[in-house]
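Each remark here refers to the structure printed beneath this line.
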Number of protein chains: 2
Amino acid sequence: MSKKILIVGGVACGGKTAARLMRIDPEAEVIMLEKGEYLSYAGCGLPYYVGGVVNEYKDLLSTAIGVVRDENYFRNVKHVEVKTKNMATKIDREKKEVTALDLASGEEKVFPYDKLVLATGASPVKPPIPGADLNRVFTLWTMPDALGMRAAVDSGKIKKAVVVGAGLIGMEVVEALHGRGIEVSVVDFLSHPLPALVDNEFGNRVNCVLKCKGINFYGGEKVLEIMGENSCVTGVKTDKREIEADMILMAIGVRPNTILAKEAGLELGESGAIAVNSRMRTSDPNIYAGGDCTVGRHIVTGKPCWQPMGSTANRQGRVIADNISGKETSFKGVQSTAIMKLFEYTVGKTGLTEEQAAENGFDAVSITVVDPDKPHFMPQGGIVMIKLVADRWTRKVLGAQSFGTGKIDKRLDVLVGAVSGGLTIDDLADLDIAYTPPFTTALDPVTHAANALKNKMDGLLRTYSATQLKEKMERREEVVLVDLRTPPEIEAHGQLPYDEVVNIPLGKFWEKAPALPLDKEIVTYCKISVRGWDAYSILKRLGFKKIALLEGGILGWPFEKK
Amino acid sequence: MSKKILIVGGVACGGKTAARLMRIDPEAEVIMLEKGEYLSYAGCGLPYYVGGVVNEYKDLLSTAIGVVRDENYFRNVKHVEVKTKNMATKIDREKKEVTALDLASGEEKVFPYDKLVLATGASPVKPPIPGADLNRVFTLWTMPDALGMRAAVDSGKIKKAVVVGAGLIGMEVVEALHGRGIEVSVVDFLSHPLPALVDNEFGNRVNCVLKCKGINFYGGEKVLEIMGENSCVTGVKTDKREIEADMILMAIGVRPNTILAKEAGLELGESGAIAVNSRMRTSDPNIYAGGDCTVGRHIVTGKPCWQPMGSTANRQGRVIADNISGKETSFKGVQSTAIMKLFEYTVGKTGLTEEQAAENGFDAVSITVVDPDKPHFMPQGGIVMIKLVADRWTRKVLGAQSFGTGKIDKRLDVLVGAVSGGLTIDDLADLDIAYTPPFTTALDPVTHAANALKNKMDGLLRTYSATQLKEKMERREEVVLVDLRTPPEIEAHGQLPYDEVVNIPLGKFWEKAPALPLDKEIVTYCKISVRGWDAYSILKRLGFKKIALLEGGILGWPFEKK
């Protein structure tokens, strides 16, 4: 008894569904329609092709041993019939048929199915502004997009570029183009880079990286027009300035491709994406959908969450194949994990930011810690910054952001597990994390973050985030800022830009602390606020009442310094 | 109302307890006795000092900004009174007093306490064999040990060394000495390196690393005598051979230091270590203990587990301080996490091995997978090998081992969280792990391991581990071994040492598979057994019944190849 499975879309979710079906369901007869030319390519690798880290575009289309995943590969290896350049145009749910247009021949063909899988993906948003159709105005979503951008860069004619939209793709391209010697500017409607990923404070940290690389970030600016001459782009006009450019990347977001589903009367959900249940089944029991065209469920909030990511699409493809073959697997949900490399830095998040947690009704408490990646006596250690968010009542980890030159991906993945597993900050602090000096400190930064948040939630420690302290200073509240560092450290890492700073190296603090004013609030800090905490404890012993610690110390300070 | 806290032992747990008490308990008056000269040093850094990765021993004694953690530091910063070279000799539990011998002056002193903390650590086992007292026979546990070894190495007189005991410390020293140009041999009573850490198969992989570095490993050999001339070591005599050496490291294990506790009548537990409850309290409610001298609880088996590790000691110090100051924190337990760097490789484990799981009554199922660290199109990717063990009934992750040139520490820490959080393999497969090509593949090796084990447990896949296949071949069972690789790959990575190998590159498998014998068992594999799985699926479609996959493929094969 064979069953006909028709898959519409052949990149991430579609390809995965086909491959998995072939592996686990000997009865499945799979046909896959793809409107484009390229199959199963590594979409997340496109910025690295543009930047030349990946030299040959075929590498993104190939298996690890260099076999291109084309129609022959799918036929000979996966036993899947693939029709590229075939665009599905209509679903007849009654007859269980899909009509598709062969883009090469112009012919229409009808494909019957027992089960249909929609993996139609998403498409970049193109704003209706003047000049959007000029030459060298790109989006970067598909392989042809990448080929076009790479050719433009390789031509040597691009001296200046503007990236519109400071999201993941935009920022990856910033690094790629900067690496090719191009002067890059970034414009975003929102005030800081990676606005969907990190909060304002972490966004400021990312902005410092851009600044230090000589990349202009114009936040809170709206692009009004793309300027050009002789049908070729010459610059961007925002509501505040004009920026010269030989090339533009429009990376302001993507939208799910749902026309086919919508016209077939399938239920849509949040963000207009196709609604599915945990089996990845649509409102029609014979139709499954997965990847960027569908909306998932957030495992922390329980609310719909659209997360167009390659890794999500791959996992969903497995679930679809399992259910079609009669194995009732569920897709657990998404948790907004995202990560990117930005020069020598890495930035990422999982779960909820503090703001998102509050919006979702949690009594959210957070802390930011800064730690060395490895013990100071080992070579080549970076810095790891973690902002950990937990619920005051259940103590469960709700989310985290991480940034730095250390192994951010590692700490983030541990935090992914903590959020997904419903771990409390106490569980997290207890984790028997693998310790040896080449890889981490005796108490890993994740452990430190959990311990610090425990201290804060248990009333042992009062803290201010950098933003809270900045606002406090702007309100001109009476504060003494006590810096516990030595003079050479101040020289090396700068100082908070306030006159209220008093410098008392920790070794002299017991002696000098009694002279501090009892009537003013005292905020302690150092390089990463570990000595700041020693000083805080000493003040507590000495009977000072109004004391607080600056989270993350001077290395965590994302604003101007003096 | 002050309270006198007396701490015996000032390295990991003792120092941490003191520091934490000072931070959270304004009433605590802390005195710390340490029999040695050095305080709060990074014991796990000692092998790196011997090898010269850490240049100055003071770096192991200092804070990140170079302040040595000596008696002055503890007094001036932590407000803790420390007595080094003071050895506690007796506890009077009635009077709540500890007698200590001042090793410098020979005086005895009595220290009263309200709460006593025992952090007496462990000591290396010195076997009673002839020659154990010769010059240049070392143990490596304390700072003086490390200073002695480093001086010997720096003298330039050491050409050959023998490390007795292939545990973590022994193997770290192997790398250290090899890096200093010394010819190193390793002898262990057990058959493979790191026997307490990994099973036989992973041990064989570690052995391959040693071999490839020109280091002799003599497994299953007993050291009978240390040979010498003029009171200086000249070699080691085992039950099988004599090995020349100018230096010996005895690293056959450590034992908890419990004389003080035992003589005071405190309850001891497994391994003779001090028994404590989850508050780290001993059988005397006024005495706490932590670190290497105590026995913890294994979070998977619930049984006592002695885990002498610096990270454990640090976490326990916090718990002790919390409880002394009235905050009822618990120590959750240990899970046998361990990790080590070995040249360009990393090897680690957490939770139970398959054998340990079976011994503890679990119906354990395992799988070994081999994966690239990053997508093949990105530069500088290593290899990640994971053996994942789960319980067939609850599907919970019981443990994992990992090995390779990729980011093993990262995958291990995710698995630490999985074991600790009680995640099932389904939860693990669903983890929204952070994906971007610079850091991992679209489905991370951890995800792959979980998916593969799901396939196996759900009956979709039959596999043999390398060991199982080797045993099968040794039993001369009728098997056809189908290698799906291309000839250049076989050239590059070698071949299984069996005549039963048939090579059919995957692209031709649909065509050639029908000619395979239906009556013999067919075992498929390739470089990492992903194509092996494609072939397995094709055989299933073609109606073959007796089929299996070789876990991990040729890269995972830890035995001889041809």
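Residue numbering restarts at 1 in every chain; chains get A, B, ... in the order shown in the structure tokens, and ligands count up from 1 in that same order.
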Open item on the list: If we count only C-alpha atoms and set the cut-off at 6 Å, which residues sit around stretch 434-450 of chain B, ignoring sequence neighbours fewer than 4 positions away in its own chain? Please answer as a PyMOL selection string.
Closed with: (chain A and resi 311+337-339) or (chain B and resi 369+371+373-375+425+429)
Quick one: write out the picked residues with C-alpha atoms as a short mmCIF file (atom, residue, chain, number, x, y, z; two decimals), in the first residue's frame?
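Full text of selection-v9.cif as output:
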```cif
data_model
loop_
_atom_site.label_atom_id
_atom_site.label_comp_id
_atom_site.auth_asym_id
_atom_site.auth_seq_id
_atom_site.Cartn_x
_atom_site.Cartn_y
_atom_site.Cartn_z
CA SER A 311 17.20 24.88 12.60
CA THR A 337 16.93 31.21 20.49
CA ALA A 338 19.16 33.19 18.16
CA ILE A 339 22.88 33.74 17.87
CA VAL B 369 27.37 9.40 16.73
CA ASP B 371 29.46 14.71 13.55
CA ASP B 373 31.53 20.58 14.64
CA LYS B 374 30.30 23.07 12.03
CA PRO B 375 28.89 22.88 8.51
CA ILE B 425 15.89 12.04 24.72
CA ALA B 429 16.07 16.33 20.48
#
```
TODO: Might you pull out every residue within 10 Å of A:Glu263, with only C-alpha atoms counted and same-chain residues fewer than 4 positions away left off, and present them as a list in words?
DONE: Thr89, Lys90, Ile91, Asp92, Thr258 and Ile259 of chain A
Chain B near chain A within 6 Å: what's each residue's closest atom pair and its distance in Å to one decimal, counting only C-alpha atoms, ordered by chain then ascending residue number, as a Markdown table?
```
| residue | atom | partner | partner_atom | distance |
| --- | --- | --- | --- | --- |
| B:Arg23 | CA | A:Ser537 | CA | 4.9 |
| B:Pro26 | CA | A:Arg541 | CA | 4.9 |
| B:Asp59 | CA | A:Phe377 | CA | 5.7 |
| B:Ala64 | CA | A:His376 | CA | 5.5 |
| B:Val77 | CA | A:Gly507 | CA | 6.0 |
| B:Ser311 | CA | A:Ala442 | CA | 4.8 |
| B:Thr337 | CA | A:Ala434 | CA | 5.8 |
| B:Ala338 | CA | A:Ala434 | CA | 5.6 |
| B:Ile339 | CA | A:Ala434 | CA | 5.8 |
| B:His376 | CA | A:Ala64 | CA | 5.5 |
| B:Phe377 | CA | A:Asp59 | CA | 5.7 |
| B:Lys410 | CA | A:Lys410 | CA | 4.7 |
| B:Asp413 | CA | A:Ile433 | CA | 5.7 |
| B:Val414 | CA | A:Val414 | CA | 5.0 |
| B:Ile433 | CA | A:Asp413 | CA | 5.7 |
| B:Ala434 | CA | A:Ala338 | CA | 5.6 |
| B:Ala442 | CA | A:Ser311 | CA | 4.8 |
| B:Gly507 | CA | A:Val77 | CA | 6.0 |
| B:Ser537 | CA | A:Arg23 | CA | 4.9 |
| B:Arg541 | CA | A:Pro26 | CA | 4.9 |
```
Keeping C-alpha atoms, export the residues of the selection given above as a PDB file, in the first residue's frame.
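Contents of the output file part10.pdb:
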```pdb
ATOM      1  CA  ARG B  23      29.840  38.269  52.118  1.00  0.00           C
ATOM      2  CA  PRO B  26      27.901  40.186  59.005  1.00  0.00           C
ATOM      3  CA  ASP B  59      49.411  33.171  38.895  1.00  0.00           C
ATOM      4  CA  ALA B  64      42.660  38.052  38.238  1.00  0.00           C
ATOM      5  CA  VAL B  77      39.810  41.989  52.047  1.00  0.00           C
ATOM      6  CA  SER B 311      34.273  22.793  40.996  1.00  0.00           C
ATOM      7  CA  THR B 337      31.062  15.197  35.152  1.00  0.00           C
ATOM      8  CA  ALA B 338      34.693  15.334  34.092  1.00  0.00           C
ATOM      9  CA  ILE B 339      36.558  16.750  31.157  1.00  0.00           C
ATOM     10  CA  HIS B 376      31.473  21.520   6.048  1.00  0.00           C
ATOM     11  CA  PHE B 377      31.515  24.836   4.176  1.00  0.00           C
ATOM     12  CA  LYS B 410      30.002  22.859  24.806  1.00  0.00           C
ATOM     13  CA  ASP B 413      27.649  21.049  29.186  1.00  0.00           C
ATOM     14  CA  VAL B 414      24.349  20.764  27.325  1.00  0.00           C
ATOM     15  CA  ILE B 433      20.011  24.994  20.297  1.00  0.00           C
ATOM     16  CA  ALA B 434      21.579  28.200  19.007  1.00  0.00           C
ATOM     17  CA  ALA B 442      21.589  23.221  11.568  1.00  0.00           C
ATOM     18  CA  GLY B 507      25.127   7.155  -5.611  1.00  0.00           C
ATOM     19  CA  SER B 537      16.806   2.744   4.517  1.00  0.00           C
ATOM     20  CA  ARG B 541      12.647  -0.496   1.116  1.00  0.00           C
TER      21      ARG B 541
END
```
TODO: Pull the alpha helix (DSSP H) assignments for stretch 118-252 of chain A out of DSSP run on the backbone, and list those residues as JSON, numbers by chain.
DONE: {"A": [143, 144, 145, 146, 147, 148, 149, 150, 151, 152, 153, 154, 168, 169, 170, 171, 172, 173, 174, 175, 176, 177, 178, 179, 200, 201, 202, 203, 204, 205, 206, 207, 208, 209, 210, 211, 212]}
Task: Non-local contacts of stretch 269-275 of chain B (9 Å; only C-alpha atoms; under 3 positions in same chain excluded) as a list in words - done: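 Result of the neighbour search: Arg255, Pro256, Asn257, Thr258, Ala261, Lys262, Leu266, Met280, Arg281, Thr282, Ser283, Ala289, Gly290, Asp292, Cys293, Thr294, Val295, Gly296, Pro304, Cys305 and Trp306 of chain B.
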- [ ] Measure the distance from atom CA of B:Ser366 to atom CA of B:Leu210 in Å and round it to one decimal.
- [x] 26.0 Å
- [ ] Identify, on the basis of only C-alpha atoms, every residue whose closest approach to B:Glu521 does not exceed 8 Å; exclude the query and any residue fewer than 4 positions from it along the same chain; express the result as a VMD selection string.
- [x] chain B and resid 478 to 480 546 to 548
Write the residues you've just listed into a file as a PDB file, in the first residue's frame, and include C-alpha atoms for each of them.
```pdb
ATOM      1  CA  GLU B 478      28.254 -14.261   8.430  1.00  0.00           C
ATOM      2  CA  VAL B 479      28.118 -10.571   7.639  1.00  0.00           C
ATOM      3  CA  VAL B 480      28.488  -8.337   4.622  1.00  0.00           C
ATOM      4  CA  LYS B 546      18.754  -8.545   8.459  1.00  0.00           C
ATOM      5  CA  ILE B 547      20.315  -5.112   8.354  1.00  0.00           C
ATOM      6  CA  ALA B 548      22.200  -2.912  10.780  1.00  0.00           C
TER       7      ALA B 548
END
```
Open item on the list: Env of B:Gly170: 12 Å cut, atoms = only C-alpha atoms, seq-sep filter 3 positions within chain, self excluded. Answer as a PyMOL selection string.
Closed with: chain B and resi 46-47+124+138-141+161-167+173-177+184-188+193-195+217+248-254+340+342
What does the file look like for those residues with N, CA and C atoms, as a CSV table (one decimal), in the first residue's frame?
```csv
chain,number,residue,atom,x,y,z
B,46,LEU,N,47.6,23.1,38.2
B,46,LEU,CA,49.0,22.6,38.5
B,46,LEU,C,49.6,21.9,37.2
B,47,PRO,N,48.9,21.0,36.5
B,47,PRO,CA,49.5,20.4,35.3
B,47,PRO,C,50.0,21.5,34.3
B,124,PRO,N,47.1,12.1,47.6
B,124,PRO,CA,47.4,11.1,46.6
B,124,PRO,C,47.8,9.8,47.3
B,138,PHE,N,57.3,11.7,41.8
B,138,PHE,CA,56.4,12.7,42.2
B,138,PHE,C,55.0,12.3,42.4
B,139,THR,N,54.3,13.0,43.1
B,139,THR,CA,52.8,13.0,43.0
B,139,THR,C,52.5,14.5,42.6
B,140,LEU,N,51.3,14.7,42.1
B,140,LEU,CA,50.9,16.1,41.7
B,140,LEU,C,49.6,16.4,42.3
B,141,TRP,N,49.6,17.0,43.5
B,141,TRP,CA,48.3,17.3,44.1
B,141,TRP,C,48.4,18.7,44.8
B,161,ALA,N,60.1,10.1,30.9
B,161,ALA,CA,59.3,10.1,32.1
B,161,ALA,C,58.3,9.0,32.0
B,162,VAL,N,57.9,8.4,33.1
B,162,VAL,CA,56.8,7.5,33.2
B,162,VAL,C,55.7,8.0,34.1
B,163,VAL,N,54.5,8.0,33.5
B,163,VAL,CA,53.4,8.4,34.3
B,163,VAL,C,52.6,7.1,34.7
B,164,VAL,N,52.5,6.9,36.0
B,164,VAL,CA,51.8,5.7,36.5
B,164,VAL,C,50.4,6.1,36.9
B,165,GLY,N,49.5,5.6,36.2
B,165,GLY,CA,48.1,6.0,36.4
B,165,GLY,C,47.6,6.9,35.3
B,166,ALA,N,46.6,6.4,34.5
B,166,ALA,CA,46.1,7.1,33.3
B,166,ALA,C,44.8,7.8,33.6
B,167,GLY,N,44.7,8.4,34.8
B,167,GLY,CA,43.5,9.2,35.1
B,167,GLY,C,43.7,10.6,34.6
B,173,VAL,N,49.3,15.5,32.8
B,173,VAL,CA,50.8,15.6,32.9
B,173,VAL,C,51.5,15.0,31.7
B,174,VAL,N,50.9,13.9,31.1
B,174,VAL,CA,51.4,13.4,29.9
B,174,VAL,C,51.5,14.5,28.8
B,175,GLU,N,50.5,15.2,28.6
B,175,GLU,CA,50.5,16.3,27.6
B,175,GLU,C,51.5,17.3,28.0
B,176,ALA,N,51.6,17.7,29.3
B,176,ALA,CA,52.5,18.7,29.8
B,176,ALA,C,53.9,18.3,29.5
B,177,LEU,N,54.3,17.1,29.9
B,177,LEU,CA,55.7,16.7,29.7
B,177,LEU,C,56.0,16.5,28.2
B,184,VAL,N,57.5,10.3,26.9
B,184,VAL,CA,56.6,9.9,28.0
B,184,VAL,C,56.0,8.5,27.7
B,185,SER,N,56.0,7.7,28.8
B,185,SER,CA,55.2,6.5,28.7
B,185,SER,C,54.2,6.5,29.9
B,186,VAL,N,53.1,5.8,29.6
B,186,VAL,CA,52.1,5.7,30.7
B,186,VAL,C,51.8,4.2,31.0
B,187,VAL,N,51.7,4.0,32.3
B,187,VAL,CA,51.3,2.6,32.7
B,187,VAL,C,50.0,2.7,33.5
B,188,ASP,N,49.1,1.8,33.2
B,188,ASP,CA,47.9,1.7,34.1
B,188,ASP,C,47.6,0.3,34.3
B,193,PRO,N,43.2,4.1,28.8
B,193,PRO,CA,43.4,5.4,29.5
B,193,PRO,C,42.0,5.9,30.1
B,194,LEU,N,42.1,6.7,31.1
B,194,LEU,CA,40.9,7.4,31.7
B,194,LEU,C,39.9,6.4,32.1
B,195,PRO,N,40.2,5.3,32.7
B,195,PRO,CA,39.3,4.2,33.0
B,195,PRO,C,38.1,4.7,33.9
B,217,PHE,N,51.5,3.6,25.7
B,217,PHE,CA,50.5,3.3,26.8
B,217,PHE,C,50.6,1.8,27.1
B,248,ILE,N,59.3,10.1,37.5
B,248,ILE,CA,58.1,9.3,37.6
B,248,ILE,C,57.0,10.2,38.2
B,249,LEU,N,55.8,10.1,37.6
B,249,LEU,CA,54.6,10.7,38.3
B,249,LEU,C,53.7,9.5,38.8
B,250,MET,N,53.5,9.4,40.1
B,250,MET,CA,52.6,8.5,40.6
B,250,MET,C,51.2,9.1,40.7
B,251,ALA,N,50.3,8.7,39.8
B,251,ALA,CA,49.0,9.4,39.8
B,251,ALA,C,47.9,8.3,39.7
B,252,ILE,N,48.0,7.5,40.8
B,252,ILE,CA,47.1,6.3,40.8
B,252,ILE,C,45.8,6.6,41.6
B,253,GLY,N,45.6,7.8,42.0
B,253,GLY,CA,44.4,8.1,42.7
B,253,GLY,C,44.6,8.9,44.0
B,254,VAL,N,43.5,9.3,44.6
B,254,VAL,CA,43.6,10.1,45.8
B,254,VAL,C,42.6,9.5,46.9
B,340,MET,N,38.7,16.7,30.1
B,340,MET,CA,40.1,17.0,29.9
B,340,MET,C,40.5,17.4,28.5
B,342,LEU,N,43.3,17.0,25.7
B,342,LEU,CA,44.5,16.1,25.5
B,342,LEU,C,45.0,16.5,24.1
```
Open item on the list: What's around stretch 147-150 of chain A at 8 Å? Count only C-alpha atoms, leave out sequence neighbours fewer than 2 positions away in its own chain, and write the answer as a count of residues only.
Closed with: 12
- [ ] Assign secondary structure with DSSP using the backbone only, and return the residues of stretch 88-321 of chain A in strand (DSSP E or B) as a PyMOL selection string.
- [x] chain A and resi 88-92+97-102+108-112+115-118+122-124+135+137-138+160-164+183-188+216-219+223-229+232-238+242-244+247-250+254-256+268+274-275+281+287-289+294-298+304-305
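The interatomic distance for the pair atom CA of A:Leu496 and atom CA of A:Asn200 works out to 18.7 Å.
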TODO: Compare B:Met385, B:Met87, B:Glu560, B:Glu71 by their minimum atom-to-atom distance to B:Leu260, counting only C-alpha atoms, and give me the closest one.
DONE: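 Among B:Met385, B:Met87, B:Glu560, B:Glu71, it is B:Met87 that comes nearest to B:Leu260.
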Open item on the list: Quick check, in Å to one decimal: how far apart do atom CA of A:Leu550 and atom CA of A:Tyr218 lie?
Closed with: 28.5 Å
